[in-house]
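Below is one structure; the comments refer to it alone.
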Amino acid sequence: FNSNHQQDQCDNLCAIEINEIDMSKFLSGTDEEKKYIAVLFDRTFHEQGVIRLINNNITSELITKAKEFFALDLETKMKYNIDRQNITTSGYKPLGFETVANYKNEKQTASIDSTEAFFTFFKSQSKQLNFPADKLPEHFREIIPEYIFKSRQLIALVHRIVDMALGLDENTLDRNYTNDDALFSLRLTRYLPTEDEHGLAFGEHQDYLGFTLLQNDDVPGLEVNIDGRWFRVDSKPNTLILLGGELIQRWTNNYWISILHRVGAVKQLRFSALFFTGPDVNTVIETLPCEKCLRTSSKYTPVSVSEHLKQKQEATLQKHR
Ligand SMILES: O=C(O)CCC(=O)C(=O)O
Ligand SMILES: [Fe+2]
């Protein structure tokens, strides 16, 4: 990527062009094309930690529906209020309830993120929601199950690229995601315009687990940290952003990067759809048998996914005491 940008040549933050891979080519291209994609993927996750997926078979219809849902009055949305005792189903989270777990931050962020969200948790293998679909708001009843299904397929394809990129046996990665203890969730977010133009709409963080598929609308906001500098990532119609969570870095013994990212000030309502993925909670994360990952001595002790999650949650609680 072009590192010749000087901060002061850009209005605010410099935009960065991130590498793109064509998913339809990985699905039905020649061996050569697949190889090329795997090599680019490897280099990109080693050097930057974020890539764009094009021709991915996912449309912006969910974002359109999310706009309609969030436009409803609060009373109506609160009918779907998420059950905080049982957050494995689905539901609406109103403004001002949660601060982002910016456990890495040096920079202070707003203590309350100016977001509202709609969560859906579901099982991987059964291709089914954890709850009856008619519990979903009407806007989402058809589109959410469809989106989840397509995203799960897309992540399986990403995992095949990973296997090839790291020189692993086929189905090394995805087999950790195929039982019902794997962690998948969908988060639809509406960001309100930030009051302070230097404020953040969502604090800096790494995602906790595996890969995240991110779909933005056309309002800018996403920022990523590469080599200690922040860059804007502009949205592009019909594409998805792929980020690796902490377990990706851990699995590769820091050979691949779990990128630090945030949402900067937003000037108008902004919408995102985030598909978070994580392996079966019983998976033990230790360095994968990948040559490049094993070149340096092990930087981590093996940890189960559930233990990792527990540590994250404790760190978050500490921070907010
Ligand atoms: O909305 C975005 O662009 C990013 C949000 C994000 O990083 C997250 O929810 O984990
Ligand atoms: Fe994130």
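The chains in the structure tokens are called A, B, ... from first to last as shown; in each chain the residues are counted from 1, and the ligands are counted from 1 in the order shown.
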- Task: Could you report the residues within 7 Å of ligand 2, using only C-alpha atoms and all ligand atoms, as a PyMOL selection string?
- Result: chain A and resi 205-207+261-262
Each residue of chain A lying at most 9 Å from ligand 1 should get a row with its shortest atom-to-atom pair and the distance in Å to one decimal, counting only C-alpha atoms and all ligand atoms; could you produce that, ordered by chain and increasing number, as JSON lines?
```
{"residue": "A:Val100", "atom": "CA", "partner": "ligand 1", "partner_atom_place_in_ligand_line": "10 (O)", "distance": 8.6}
{"residue": "A:Arg187", "atom": "CA", "partner": "ligand 1", "partner_atom_place_in_ligand_line": "9 (O)", "distance": 7.3}
{"residue": "A:Leu188", "atom": "CA", "partner": "ligand 1", "partner_atom_place_in_ligand_line": "9 (O)", "distance": 8.6}
{"residue": "A:Thr189", "atom": "CA", "partner": "ligand 1", "partner_atom_place_in_ligand_line": "1 (O)", "distance": 6.9}
{"residue": "A:Arg190", "atom": "CA", "partner": "ligand 1", "partner_atom_place_in_ligand_line": "1 (O)", "distance": 8.4}
{"residue": "A:Tyr191", "atom": "CA", "partner": "ligand 1", "partner_atom_place_in_ligand_line": "1 (O)", "distance": 8.0}
{"residue": "A:Ala201", "atom": "CA", "partner": "ligand 1", "partner_atom_place_in_ligand_line": "1 (O)", "distance": 8.8}
{"residue": "A:Phe202", "atom": "CA", "partner": "ligand 1", "partner_atom_place_in_ligand_line": "5 (C)", "distance": 6.9}
{"residue": "A:Gly203", "atom": "CA", "partner": "ligand 1", "partner_atom_place_in_ligand_line": "7 (O)", "distance": 8.5}
{"residue": "A:Glu204", "atom": "CA", "partner": "ligand 1", "partner_atom_place_in_ligand_line": "7 (O)", "distance": 8.0}
{"residue": "A:His205", "atom": "CA", "partner": "ligand 1", "partner_atom_place_in_ligand_line": "7 (O)", "distance": 7.3}
{"residue": "A:Gln206", "atom": "CA", "partner": "ligand 1", "partner_atom_place_in_ligand_line": "10 (O)", "distance": 7.5}
{"residue": "A:Asp207", "atom": "CA", "partner": "ligand 1", "partner_atom_place_in_ligand_line": "10 (O)", "distance": 5.8}
{"residue": "A:Tyr208", "atom": "CA", "partner": "ligand 1", "partner_atom_place_in_ligand_line": "10 (O)", "distance": 8.8}
{"residue": "A:Thr212", "atom": "CA", "partner": "ligand 1", "partner_atom_place_in_ligand_line": "10 (O)", "distance": 8.1}
{"residue": "A:Leu214", "atom": "CA", "partner": "ligand 1", "partner_atom_place_in_ligand_line": "3 (O)", "distance": 6.7}
{"residue": "A:Gln215", "atom": "CA", "partner": "ligand 1", "partner_atom_place_in_ligand_line": "3 (O)", "distance": 7.4}
{"residue": "A:Asn216", "atom": "CA", "partner": "ligand 1", "partner_atom_place_in_ligand_line": "3 (O)", "distance": 6.0}
{"residue": "A:Asp217", "atom": "CA", "partner": "ligand 1", "partner_atom_place_in_ligand_line": "3 (O)", "distance": 8.9}
{"residue": "A:Pro220", "atom": "CA", "partner": "ligand 1", "partner_atom_place_in_ligand_line": "3 (O)", "distance": 8.3}
{"residue": "A:Gly221", "atom": "CA", "partner": "ligand 1", "partner_atom_place_in_ligand_line": "3 (O)", "distance": 6.4}
{"residue": "A:Leu222", "atom": "CA", "partner": "ligand 1", "partner_atom_place_in_ligand_line": "3 (O)", "distance": 4.6}
{"residue": "A:Glu223", "atom": "CA", "partner": "ligand 1", "partner_atom_place_in_ligand_line": "3 (O)", "distance": 7.8}
{"residue": "A:Val233", "atom": "CA", "partner": "ligand 1", "partner_atom_place_in_ligand_line": "3 (O)", "distance": 8.9}
{"residue": "A:Ile241", "atom": "CA", "partner": "ligand 1", "partner_atom_place_in_ligand_line": "3 (O)", "distance": 8.9}
{"residue": "A:Leu243", "atom": "CA", "partner": "ligand 1", "partner_atom_place_in_ligand_line": "7 (O)", "distance": 8.8}
{"residue": "A:Leu260", "atom": "CA", "partner": "ligand 1", "partner_atom_place_in_ligand_line": "7 (O)", "distance": 8.9}
{"residue": "A:His261", "atom": "CA", "partner": "ligand 1", "partner_atom_place_in_ligand_line": "7 (O)", "distance": 6.2}
{"residue": "A:Arg262", "atom": "CA", "partner": "ligand 1", "partner_atom_place_in_ligand_line": "7 (O)", "distance": 5.7}
{"residue": "A:Val263", "atom": "CA", "partner": "ligand 1", "partner_atom_place_in_ligand_line": "2 (C)", "distance": 5.8}
{"residue": "A:Arg270", "atom": "CA", "partner": "ligand 1", "partner_atom_place_in_ligand_line": "1 (O)", "distance": 8.0}
{"residue": "A:Phe271", "atom": "CA", "partner": "ligand 1", "partner_atom_place_in_ligand_line": "1 (O)", "distance": 6.9}
{"residue": "A:Ser272", "atom": "CA", "partner": "ligand 1", "partner_atom_place_in_ligand_line": "1 (O)", "distance": 4.9}
{"residue": "A:Ala273", "atom": "CA", "partner": "ligand 1", "partner_atom_place_in_ligand_line": "1 (O)", "distance": 7.3}
{"residue": "A:Leu274", "atom": "CA", "partner": "ligand 1", "partner_atom_place_in_ligand_line": "9 (O)", "distance": 6.4}
{"residue": "A:Phe276", "atom": "CA", "partner": "ligand 1", "partner_atom_place_in_ligand_line": "10 (O)", "distance": 8.2}
```
- Can you tell me, as a VMD selection string, what residues are no more than 9 Å from region 70-87 of chain A when counting only C-alpha atoms, ignoring any on the same chain fewer than 6 positions away? chain A and resid 93 to 94 116 to 121 135 to 137 189 to 190
Could you dump the residues just selected with N, CA, C and O atoms as a compact mmCIF listing (two decimals), in the first residue's frame?
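out_6.txt, freshly written:
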```txt
# COMPACT_ATOMS: atom_id res chain seq x y z
N LYS A 93 -31.19 -3.23 21.33
CA LYS A 93 -30.47 -2.57 22.41
C LYS A 93 -30.55 -1.07 22.18
O LYS A 93 -30.00 -0.56 21.21
N PRO A 94 -31.24 -0.35 23.07
CA PRO A 94 -31.39 1.10 22.86
C PRO A 94 -30.09 1.85 23.10
O PRO A 94 -29.10 1.26 23.54
N GLU A 116 -27.37 2.46 18.65
CA GLU A 116 -28.37 1.47 19.03
C GLU A 116 -28.17 0.27 18.13
O GLU A 116 -27.56 0.38 17.06
N ALA A 117 -28.64 -0.87 18.58
CA ALA A 117 -28.28 -2.09 17.85
C ALA A 117 -29.41 -3.10 17.88
O ALA A 117 -30.31 -3.05 18.72
N PHE A 118 -29.36 -4.01 16.94
CA PHE A 118 -30.24 -5.17 16.96
C PHE A 118 -29.36 -6.41 16.80
O PHE A 118 -28.62 -6.54 15.82
N PHE A 119 -29.42 -7.31 17.78
CA PHE A 119 -28.57 -8.50 17.79
C PHE A 119 -29.36 -9.74 17.40
O PHE A 119 -30.52 -9.88 17.78
N THR A 120 -28.71 -10.65 16.72
CA THR A 120 -29.27 -11.99 16.53
C THR A 120 -28.16 -13.02 16.75
O THR A 120 -27.11 -12.93 16.14
N PHE A 121 -28.40 -13.95 17.65
CA PHE A 121 -27.46 -15.05 17.88
C PHE A 121 -28.06 -16.30 17.26
O PHE A 121 -29.28 -16.47 17.29
N LYS A 135 -40.49 -14.28 16.25
CA LYS A 135 -40.11 -13.36 17.33
C LYS A 135 -39.37 -12.14 16.78
O LYS A 135 -39.19 -11.15 17.46
N LEU A 136 -38.88 -12.27 15.57
CA LEU A 136 -38.17 -11.14 14.95
C LEU A 136 -39.16 -10.07 14.53
O LEU A 136 -40.29 -10.39 14.15
N PRO A 137 -38.75 -8.82 14.53
CA PRO A 137 -39.60 -7.78 13.96
C PRO A 137 -39.91 -8.14 12.50
O PRO A 137 -39.06 -8.74 11.82
N THR A 189 -26.25 -2.06 13.47
CA THR A 189 -25.99 -0.89 14.30
C THR A 189 -26.44 0.39 13.59
O THR A 189 -26.22 0.55 12.40
N ARG A 190 -27.07 1.27 14.39
CA ARG A 190 -27.30 2.63 13.90
C ARG A 190 -26.49 3.58 14.75
O ARG A 190 -26.59 3.58 15.97
```
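Across the model, the gap from CA of Gln48 (chain A) to CA of Glu17 (chain A) is 11.2 Å.
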- So which bits of region 11-166 of chain A end up strand (DSSP E or B) when you DSSP the backbone, as a VMD selection string? chain A and resid 15 20 to 22 50 to 54 81 90 to 93 115 to 122 129
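Minimum distance to Gly210 (chain A) across A:Ile248, A:Val50, A:Leu186, A:Val284 (counting only C-alpha atoms) occurs at A:Ile248.
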Counting only C-alpha atoms, which residues in region 23-85 of chain A sit no more than 9 Å from region 154-161 of chain A? For each one, give the nearest pair of atoms and the distance in Å, sorted by chain then residue number, as JSON lines.
```
{"residue": "A:Met23", "atom": "CA", "partner": "A:Leu157", "partner_atom": "CA", "distance": 8.0}
{"residue": "A:Phe26", "atom": "CA", "partner": "A:Ile161", "partner_atom": "CA", "distance": 7.9}
{"residue": "A:Leu27", "atom": "CA", "partner": "A:Leu157", "partner_atom": "CA", "distance": 7.6}
{"residue": "A:Lys34", "atom": "CA", "partner": "A:Ile161", "partner_atom": "CA", "distance": 8.1}
{"residue": "A:Lys35", "atom": "CA", "partner": "A:Ile161", "partner_atom": "CA", "distance": 8.8}
{"residue": "A:Ile37", "atom": "CA", "partner": "A:Ile161", "partner_atom": "CA", "distance": 7.6}
{"residue": "A:Ala38", "atom": "CA", "partner": "A:Ile161", "partner_atom": "CA", "distance": 5.5}
{"residue": "A:Phe41", "atom": "CA", "partner": "A:Ile161", "partner_atom": "CA", "distance": 7.6}
{"residue": "A:Asp42", "atom": "CA", "partner": "A:Ile161", "partner_atom": "CA", "distance": 8.9}
{"residue": "A:Asn56", "atom": "CA", "partner": "A:Leu154", "partner_atom": "CA", "distance": 7.3}
{"residue": "A:Asn57", "atom": "CA", "partner": "A:Leu154", "partner_atom": "CA", "distance": 8.5}
```
Go ahead and write the selection's residues with N, CA, C and O atoms as a short mmCIF file (atom, residue, chain, number, x, y, z; two decimals), in the first residue's frame.
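Written output follows (again_4.cif):
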```cif
data_model
loop_
_atom_site.label_atom_id
_atom_site.label_comp_id
_atom_site.auth_asym_id
_atom_site.auth_seq_id
_atom_site.Cartn_x
_atom_site.Cartn_y
_atom_site.Cartn_z
N MET A 23 -14.53 -13.07 -4.57
CA MET A 23 -14.98 -14.33 -4.00
C MET A 23 -15.52 -15.28 -5.06
O MET A 23 -15.40 -16.50 -4.93
N PHE A 26 -12.76 -17.25 -6.38
CA PHE A 26 -12.26 -18.34 -5.53
C PHE A 26 -13.20 -19.53 -5.60
O PHE A 26 -12.78 -20.68 -5.52
N LEU A 27 -14.47 -19.23 -5.79
CA LEU A 27 -15.46 -20.30 -5.85
C LEU A 27 -15.35 -21.10 -7.14
O LEU A 27 -15.41 -22.32 -7.13
N LYS A 34 -7.21 -19.15 -7.84
CA LYS A 34 -7.37 -19.43 -6.40
C LYS A 34 -6.06 -19.20 -5.65
O LYS A 34 -6.03 -18.63 -4.57
N LYS A 35 -5.02 -19.67 -6.24
CA LYS A 35 -3.69 -19.54 -5.64
C LYS A 35 -3.35 -18.05 -5.46
O LYS A 35 -2.87 -17.63 -4.41
N ILE A 37 -5.38 -15.57 -5.16
CA ILE A 37 -6.21 -15.01 -4.09
C ILE A 37 -5.62 -15.38 -2.71
O ILE A 37 -5.51 -14.54 -1.82
N ALA A 38 -5.21 -16.63 -2.58
CA ALA A 38 -4.66 -17.08 -1.29
C ALA A 38 -3.37 -16.33 -0.96
O ALA A 38 -3.15 -15.93 0.19
N PHE A 41 -4.28 -12.79 0.05
CA PHE A 41 -4.91 -12.83 1.37
C PHE A 41 -3.84 -12.95 2.46
O PHE A 41 -3.84 -12.24 3.46
N ASP A 42 -2.90 -13.86 2.22
CA ASP A 42 -1.82 -14.09 3.19
C ASP A 42 -1.02 -12.80 3.40
O ASP A 42 -0.79 -12.37 4.53
N ASN A 56 -19.58 -11.02 -3.75
CA ASN A 56 -19.76 -11.91 -2.60
C ASN A 56 -21.18 -12.42 -2.42
O ASN A 56 -21.46 -13.06 -1.41
N ASN A 57 -22.08 -12.07 -3.34
CA ASN A 57 -23.42 -12.66 -3.28
C ASN A 57 -24.28 -12.11 -2.12
O ASN A 57 -25.30 -12.68 -1.76
#
```
- Could you give me, as JSON, numbers by chain, the residues within 10 Å of Glu286 (chain A), counting only C-alpha atoms and dropping anything in the same chain fewer than 2 positions from it? {"A": [247, 250, 251, 252, 253, 283, 284, 288, 289, 298, 299, 300, 301, 302, 303, 304]}
Print the selection's residues with all heavy atoms to a file, as a short mmCIF file (atom, residue, chain, number, x, y, z; two decimals), in the first residue's frame.
```cif
data_model
loop_
_atom_site.label_atom_id
_atom_site.label_comp_id
_atom_site.auth_asym_id
_atom_site.auth_seq_id
_atom_site.Cartn_x
_atom_site.Cartn_y
_atom_site.Cartn_z
N LEU A 247 -8.46 -13.98 17.96
CA LEU A 247 -8.09 -15.40 17.86
C LEU A 247 -7.32 -15.69 16.57
O LEU A 247 -6.53 -16.62 16.51
CB LEU A 247 -9.31 -16.30 17.96
CG LEU A 247 -10.05 -16.27 19.31
CD1 LEU A 247 -11.21 -17.26 19.29
CD2 LEU A 247 -9.12 -16.56 20.47
N ARG A 250 -3.84 -14.90 17.36
CA ARG A 250 -3.33 -15.88 18.30
C ARG A 250 -3.06 -17.24 17.63
O ARG A 250 -2.03 -17.87 17.84
CB ARG A 250 -4.38 -16.02 19.41
CG ARG A 250 -3.83 -16.62 20.65
CD ARG A 250 -4.71 -16.34 21.86
NE ARG A 250 -4.15 -17.11 22.95
CZ ARG A 250 -4.05 -16.70 24.19
NH1 ARG A 250 -4.51 -15.51 24.55
NH2 ARG A 250 -3.51 -17.46 25.10
N TRP A 251 -3.99 -17.63 16.77
CA TRP A 251 -3.85 -18.89 16.03
C TRP A 251 -2.61 -18.89 15.15
O TRP A 251 -2.02 -19.93 14.86
CB TRP A 251 -5.09 -19.08 15.14
CG TRP A 251 -5.98 -20.21 15.48
CD1 TRP A 251 -5.63 -21.38 16.10
CD2 TRP A 251 -7.39 -20.31 15.20
NE1 TRP A 251 -6.73 -22.19 16.20
CE2 TRP A 251 -7.82 -21.57 15.66
CE3 TRP A 251 -8.32 -19.47 14.58
CZ2 TRP A 251 -9.14 -22.02 15.54
CZ3 TRP A 251 -9.62 -19.90 14.46
CH2 TRP A 251 -10.04 -21.16 14.94
N THR A 252 -2.26 -17.70 14.64
CA THR A 252 -1.12 -17.61 13.71
C THR A 252 0.14 -17.12 14.43
O THR A 252 1.12 -16.77 13.78
CB THR A 252 -1.44 -16.64 12.54
OG1 THR A 252 -1.76 -15.35 13.09
CG2 THR A 252 -2.60 -17.12 11.70
N ASN A 253 0.10 -17.09 15.75
CA ASN A 253 1.27 -16.69 16.54
C ASN A 253 1.80 -15.32 16.10
O ASN A 253 3.01 -15.13 15.92
CB ASN A 253 2.36 -17.78 16.39
CG ASN A 253 3.43 -17.68 17.46
OD1 ASN A 253 3.19 -17.17 18.55
ND2 ASN A 253 4.62 -18.18 17.14
N THR A 283 -12.98 -25.14 21.66
CA THR A 283 -11.74 -25.19 20.87
C THR A 283 -10.58 -24.62 21.67
O THR A 283 -10.72 -23.57 22.30
CB THR A 283 -11.89 -24.35 19.58
OG1 THR A 283 -13.08 -24.74 18.92
CG2 THR A 283 -10.70 -24.53 18.64
N VAL A 284 -9.46 -25.30 21.64
CA VAL A 284 -8.26 -24.75 22.27
C VAL A 284 -7.45 -24.05 21.18
O VAL A 284 -7.13 -24.64 20.15
CB VAL A 284 -7.44 -25.85 22.96
CG1 VAL A 284 -6.12 -25.28 23.48
CG2 VAL A 284 -8.25 -26.45 24.09
N LEU A 288 -1.40 -22.72 14.81
CA LEU A 288 -1.76 -23.66 13.74
C LEU A 288 -0.49 -24.26 13.14
O LEU A 288 0.57 -23.63 13.17
CB LEU A 288 -2.55 -22.92 12.66
CG LEU A 288 -3.95 -22.45 13.03
CD1 LEU A 288 -4.46 -21.42 12.01
CD2 LEU A 288 -4.91 -23.63 13.12
N PRO A 289 -0.60 -25.46 12.57
CA PRO A 289 0.60 -26.07 11.96
C PRO A 289 0.95 -25.40 10.63
O PRO A 289 0.94 -26.04 9.58
CB PRO A 289 0.20 -27.53 11.78
CG PRO A 289 -1.30 -27.51 11.71
CD PRO A 289 -1.76 -26.33 12.52
N SER A 298 6.65 -19.71 20.28
CA SER A 298 5.27 -19.47 20.65
C SER A 298 5.11 -18.26 21.58
O SER A 298 5.79 -18.15 22.58
CB SER A 298 4.73 -20.71 21.35
OG SER A 298 3.54 -21.07 20.74
N LYS A 299 4.24 -17.36 21.19
CA LYS A 299 4.05 -16.15 21.98
C LYS A 299 2.88 -16.27 22.95
O LYS A 299 2.65 -15.39 23.75
CB LYS A 299 3.83 -14.96 21.05
CG LYS A 299 5.05 -14.70 20.18
CD LYS A 299 4.87 -13.50 19.30
CE LYS A 299 6.14 -13.22 18.50
NZ LYS A 299 6.45 -14.32 17.53
N TYR A 300 2.14 -17.34 22.82
CA TYR A 300 0.93 -17.47 23.63
C TYR A 300 0.87 -18.87 24.24
O TYR A 300 1.34 -19.82 23.64
CB TYR A 300 -0.33 -17.29 22.78
CG TYR A 300 -0.45 -15.97 22.10
CD1 TYR A 300 -0.09 -15.82 20.77
CD2 TYR A 300 -0.95 -14.86 22.80
CE1 TYR A 300 -0.23 -14.58 20.12
CE2 TYR A 300 -1.08 -13.63 22.16
CZ TYR A 300 -0.72 -13.50 20.83
OH TYR A 300 -0.85 -12.30 20.20
N THR A 301 0.22 -18.94 25.39
CA THR A 301 -0.09 -20.26 25.91
C THR A 301 -1.45 -20.66 25.33
O THR A 301 -2.29 -19.79 25.06
CB THR A 301 -0.18 -20.26 27.45
OG1 THR A 301 -1.01 -19.17 27.84
CG2 THR A 301 1.20 -20.10 28.07
N PRO A 302 -1.67 -21.95 25.13
CA PRO A 302 -2.96 -22.38 24.59
C PRO A 302 -4.10 -21.92 25.49
O PRO A 302 -3.96 -21.89 26.71
CB PRO A 302 -2.85 -23.90 24.60
CG PRO A 302 -1.38 -24.19 24.58
CD PRO A 302 -0.74 -23.07 25.34
N VAL A 303 -5.19 -21.53 24.87
CA VAL A 303 -6.34 -21.08 25.66
C VAL A 303 -7.61 -21.57 24.98
O VAL A 303 -7.67 -21.64 23.75
CB VAL A 303 -6.32 -19.53 25.78
CG1 VAL A 303 -6.64 -18.85 24.46
CG2 VAL A 303 -7.28 -19.04 26.86
N SER A 304 -8.59 -21.93 25.78
CA SER A 304 -9.86 -22.31 25.16
C SER A 304 -10.62 -21.04 24.81
O SER A 304 -10.39 -19.98 25.40
CB SER A 304 -10.69 -23.17 26.11
OG SER A 304 -11.15 -22.37 27.18
#
```
- Message: If DSSP is run on the backbone, what residues of region 4-170 of chain A are helix (DSSP H, G or I)? A reply as a VMD selection string would be ideal.
- Response: chain A and resid 7 to 9 23 to 28 31 to 47 61 to 70 74 to 78 133 to 135 138 to 140 143 to 165
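Among the candidates A:Arg295, A:Lys267, A:Arg175, A:Lys65, the residue lying nearest to Pro279 (chain A) is A:Arg175 (atoms considered: only C-alpha atoms).
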- Query: What does the distance from CA of Leu309 (chain A) to CA of Asp174 (chain A) come to in Å, to one decimal?
  - Reply: 19.5 Å
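Shortest atom-to-atom contact with Glu61 (chain A) among A:Arg232, A:His139, A:Lys310, A:His46: A:His139, counting only C-alpha atoms.
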- Task: For CA of Glu20 (chain A) and CA of Thr287 (chain A), determine how far apart the two atoms are, in Å to one decimal place.
- Result: 26.6 Å
- Task: For Leu62 (chain A), please output as number ranges by chain all residues within 8 Å (counting only C-alpha atoms; exclusion window: fewer than 6 positions along the same chain).
- Result: A: 140, 143-144, 147, 273
- Write out as a list in words each polymer residue whose atoms come within 8 Å of Gly278 (chain A), counting only C-alpha atoms; drop sequence neighbours fewer than 6 positions from it. Tyr177, Ala182, Leu183, Phe184, Leu209, Gly210 and Phe211 of chain A
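The residue that comes closest to Lys67 (chain A), out of A:Ala15, A:Leu294, A:Leu269, A:Ile285 and on the basis of only C-alpha atoms, is A:Leu269.
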- Out of A:Thr194, A:Val162, A:Val266, A:Glu68, which residue has the shortest atom-to-atom distance to Glu138 (chain A) when counting only C-alpha atoms? A:Glu68
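Candidate residues A:Glu291, A:Pro193, A:Leu213, A:Thr172 were compared for distance to Thr239 (chain A), and the nearest is A:Leu213, using only C-alpha atoms.
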